[in-house]
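Single-structure report; data block below.
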Amino acid sequence: MKYKFNRFEHKILSQDESLKRGNEFYELMNRRRSIRHFSPKSFDRSLIEIAVKTAGTAPSGANKQPWKFIIIESPDIKKQIRISAEKEEKESYERRMPESWLEDLAPLGTDWHKEFLEIAPYLIAVFKIDFLKSDNEIKKHYYVNESVGIATGILLASLQNMGLVTLTHTPSPMNFLQKILNRPSNEKPYLLIPVGYPAENTEVPDILRKSLTEICELL
Ligand code: IYR
């Protein structure tokens, strides 16, 4: 079966308008930083829902939309997540991560303590769905990492645009999220994103972004 096709409406902007919008969006995104110290200040859940709805506009392999976003506001669930994440992270920092990895992280000052998992007003757990299981059939999804990565990027941009701060947290391994959040076995944890406002006087490392010429070549 083929989809019905509709005419695509598209308005072409002037070069000036495109330049203005492009630069404004760059300035907005260039202000985004990974924040590790959150304020407990909360806000209406509708903002998170708008961001998730926006993330859901991402392109995906064969339009399978192989993602699920779990919004966590329950202090009890946040606490369970913090306890499990810190247990894994402690093991990683103290035993599993090779010296070279620890050396790369040392300038950022990260360690196994993850208070932000309880302090941030919301956590968004992003899951990827590699396949769907029906009665006696497994339907594989396509380009799942690419699709969920793009959706997550759009999610972060939307939250940034609403004046919220985020961290792309990667407790590893993070199977504990599947259990705590009661997810079916075909949903695999992809990323855990605390969202909120920065704690007062939070500092961020003075890192540089690679220049355009470093990240781009023209042929
Ligand atoms: N997942 C650990 C370690 C960590 C790894 C990378 I790569 C980072 O950019 C930052 C942290 C943690 O969340 O602390």
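Following the order of the structure tokens, first chain is A, next is B, and so on, with residues numbered from 1 inside each chain and ligands from 1 in the order they appear.
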
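Near segment 64-69 of chain A, within 8 Å and counting only C-alpha atoms, sit Val52, Gly56, Ala58, Pro59, Ser60, Gly61, Ile124, Ala125, Val126, Phe127, Lys128, Ile129, Asp130, His141, Tyr142, Val144, Ser147, Val148 and Glu187 of chain A; same-chain residues fewer than 3 positions away were not included.
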
Expected file: the selected residues, N, CA, C and O atoms, as a short mmCIF file (atom, residue, chain, number, x, y, z; two decimals), in the first residue's frame:
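Once everything was written out, this is selection15.cif:
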data_model
loop_
_atom_site.label_atom_id
_atom_site.label_comp_id
_atom_site.auth_asym_id
_atom_site.auth_seq_id
_atom_site.Cartn_x
_atom_site.Cartn_y
_atom_site.Cartn_z
N VAL A 52 8.97 17.32 23.60
CA VAL A 52 8.87 15.93 23.14
C VAL A 52 8.07 15.87 21.83
O VAL A 52 8.45 15.15 20.88
N GLY A 56 9.44 14.56 18.23
CA GLY A 56 8.69 13.57 17.45
C GLY A 56 8.48 13.97 15.99
O GLY A 56 7.94 13.18 15.22
N ALA A 58 11.04 14.48 14.12
CA ALA A 58 12.30 14.08 13.47
C ALA A 58 12.04 13.07 12.34
O ALA A 58 11.09 12.28 12.41
N PRO A 59 12.90 13.11 11.33
CA PRO A 59 12.81 12.06 10.31
C PRO A 59 13.27 10.73 10.91
O PRO A 59 14.05 10.71 11.86
N SER A 60 12.78 9.63 10.37
CA SER A 60 13.23 8.32 10.87
C SER A 60 13.18 7.30 9.75
O SER A 60 12.43 7.47 8.78
N GLY A 61 13.98 6.25 9.90
CA GLY A 61 14.04 5.20 8.89
C GLY A 61 12.65 4.64 8.61
O GLY A 61 11.98 4.17 9.55
N ILE A 124 14.18 13.29 31.41
CA ILE A 124 13.57 12.65 30.23
C ILE A 124 14.44 11.45 29.89
O ILE A 124 15.63 11.61 29.59
N ALA A 125 13.88 10.26 29.98
CA ALA A 125 14.61 9.05 29.57
C ALA A 125 14.21 8.75 28.13
O ALA A 125 13.03 8.58 27.82
N VAL A 126 15.23 8.74 27.26
CA VAL A 126 14.97 8.48 25.85
C VAL A 126 15.23 7.00 25.59
O VAL A 126 16.30 6.48 25.94
N PHE A 127 14.27 6.34 24.99
CA PHE A 127 14.42 4.92 24.65
C PHE A 127 14.40 4.76 23.14
O PHE A 127 13.70 5.48 22.43
N LYS A 128 15.18 3.79 22.65
CA LYS A 128 15.10 3.45 21.23
C LYS A 128 14.38 2.12 21.08
O LYS A 128 14.48 1.24 21.94
N ILE A 129 13.63 2.02 20.00
CA ILE A 129 12.84 0.80 19.77
C ILE A 129 13.40 0.11 18.53
O ILE A 129 13.16 0.54 17.40
N ASP A 130 14.18 -0.93 18.74
CA ASP A 130 14.86 -1.60 17.62
C ASP A 130 13.91 -2.45 16.79
O ASP A 130 14.16 -2.71 15.62
N HIS A 141 13.10 -2.29 12.96
CA HIS A 141 13.17 -0.90 12.56
C HIS A 141 14.51 -0.64 11.88
O HIS A 141 15.41 -1.47 11.92
N TYR A 142 14.62 0.53 11.25
CA TYR A 142 15.81 0.83 10.43
C TYR A 142 16.49 2.09 10.92
O TYR A 142 15.83 3.02 11.36
N VAL A 144 17.97 3.03 13.50
CA VAL A 144 17.38 3.43 14.77
C VAL A 144 18.27 4.44 15.51
O VAL A 144 17.78 5.46 16.02
N SER A 147 18.03 7.79 13.77
CA SER A 147 16.71 8.41 13.97
C SER A 147 16.56 8.97 15.38
O SER A 147 16.12 10.11 15.57
N VAL A 148 16.93 8.17 16.37
CA VAL A 148 16.75 8.61 17.76
C VAL A 148 17.74 9.72 18.09
O VAL A 148 17.43 10.65 18.85
N GLU A 187 12.28 -1.90 24.24
CA GLU A 187 12.68 -0.49 24.41
C GLU A 187 14.01 -0.46 25.14
O GLU A 187 14.11 -0.91 26.28
#

Inset, instruction - Pick out the residues no farther than 10 Å from ligand 1, counting only C-alpha atoms and all ligand atoms, and list them as a ChimeraX atom specification. - result: /A:34,36,85-86,88-90,92-93,97,101-102,104-106,108-114,167-174,192

Legend entry - Nearest candidate to Thr202 of chain A (options A:Asn63, A:Asn6, A:Asn23, A:Ser39; using only C-alpha atoms):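 Ranking A:Asn63, A:Asn6, A:Asn23, A:Ser39 by distance to Thr202 of chain A, first place goes to A:Ser39.
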
Inset, instruction - Could you please write out, as a ChimeraX atom specification, every residue of segment 37-136 of chain A that DSSP assigns to helix (DSSP H, G or I)? - result: /A:45-55,61-63,75-96,99-108,116-119

Inset, instruction - Fewer than 2 positions away in the same chain doesn't count, so skip those; otherwise give me all residues within 8 Å of Phe131 of chain A, counting only C-alpha atoms, as a list in words. - result: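 Near neighbours after the sequence-gap exclusion: Ile129, Lys133, Ile138, Lys139, Lys140, His141 and Asn186 of chain A.
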
Inset, instruction - Would you mind writing down, as a list in words, each residue of segment 54-178 of chain A that DSSP on the backbone assigns to strand (DSSP E)? - result: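 Filtering segment 54-178 of chain A to strand (DSSP E) leaves Trp67, Lys68, Phe69, Ile70, Ile71, Ile72, Tyr122, Leu123, Ile124, Ala125, Val126, Phe127, Lys128, Ile129, Phe131, Leu132, Lys133, Ser134, Glu137, Ile138, Lys139, Lys140, Val165 and Thr166 of chain A.
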
Now that the selection is made, can you save its residues with C-alpha atoms as a PDB file, in the first residue's frame?
ATOM      1  CA  TRP A  67      11.560   6.362  19.967  1.00  0.00           C
ATOM      2  CA  LYS A  68       9.856   6.713  23.312  1.00  0.00           C
ATOM      3  CA  PHE A  69      10.339   9.564  25.762  1.00  0.00           C
ATOM      4  CA  ILE A  70       9.577   8.904  29.413  1.00  0.00           C
ATOM      5  CA  ILE A  71       9.077  12.070  31.461  1.00  0.00           C
ATOM      6  CA  ILE A  72       9.962  11.581  35.117  1.00  0.00           C
ATOM      7  CA  TYR A 122      12.325  16.607  35.268  1.00  0.00           C
ATOM      8  CA  LEU A 123      14.295  13.770  33.772  1.00  0.00           C
ATOM      9  CA  ILE A 124      13.568  12.648  30.234  1.00  0.00           C
ATOM     10  CA  ALA A 125      14.609   9.054  29.573  1.00  0.00           C
ATOM     11  CA  VAL A 126      14.966   8.478  25.849  1.00  0.00           C
ATOM     12  CA  PHE A 127      14.416   4.917  24.646  1.00  0.00           C
ATOM     13  CA  LYS A 128      15.100   3.449  21.226  1.00  0.00           C
ATOM     14  CA  ILE A 129      12.837   0.799  19.768  1.00  0.00           C
ATOM     15  CA  PHE A 131      11.892  -3.764  16.680  1.00  0.00           C
ATOM     16  CA  LEU A 132       8.185  -4.342  17.249  1.00  0.00           C
ATOM     17  CA  LYS A 133       6.884  -7.715  18.352  1.00  0.00           C
ATOM     18  CA  SER A 134       3.382  -8.755  17.354  1.00  0.00           C
ATOM     19  CA  GLU A 137       6.288 -11.723  14.060  1.00  0.00           C
ATOM     20  CA  ILE A 138       9.237  -9.417  14.707  1.00  0.00           C
ATOM     21  CA  LYS A 139       9.247  -6.201  12.675  1.00  0.00           C
ATOM     22  CA  LYS A 140      12.694  -4.647  12.587  1.00  0.00           C
ATOM     23  CA  VAL A 165      19.025  23.779  30.480  1.00  0.00           C
ATOM     24  CA  THR A 166      19.878  20.146  29.898  1.00  0.00           C
TER      25      THR A 166
END

Legend entry - Proximity to Leu208 of chain A - best of A:Arg21, A:Lys11, A:Lys2, A:Arg33, only C-alpha atoms: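 Among the listed residues, A:Arg33 lies closest to Leu208 of chain A.
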
Legend entry - Distance of atom CA of Lys79 of chain A from atom CA of Ala157 of chain A, expressed in Å to one decimal place: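 Rounded to one decimal, the two atoms are 26.8 Å apart.
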
Legend entry - Point-to-point distance in Å for atom CA of Ile81 of chain A and atom CA of Pro194 of chain A: 11.5 Å

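When atom CA of Phe38 of chain A is paired with atom CA of Ala120 of chain A, their separation reads 5.5 Å.
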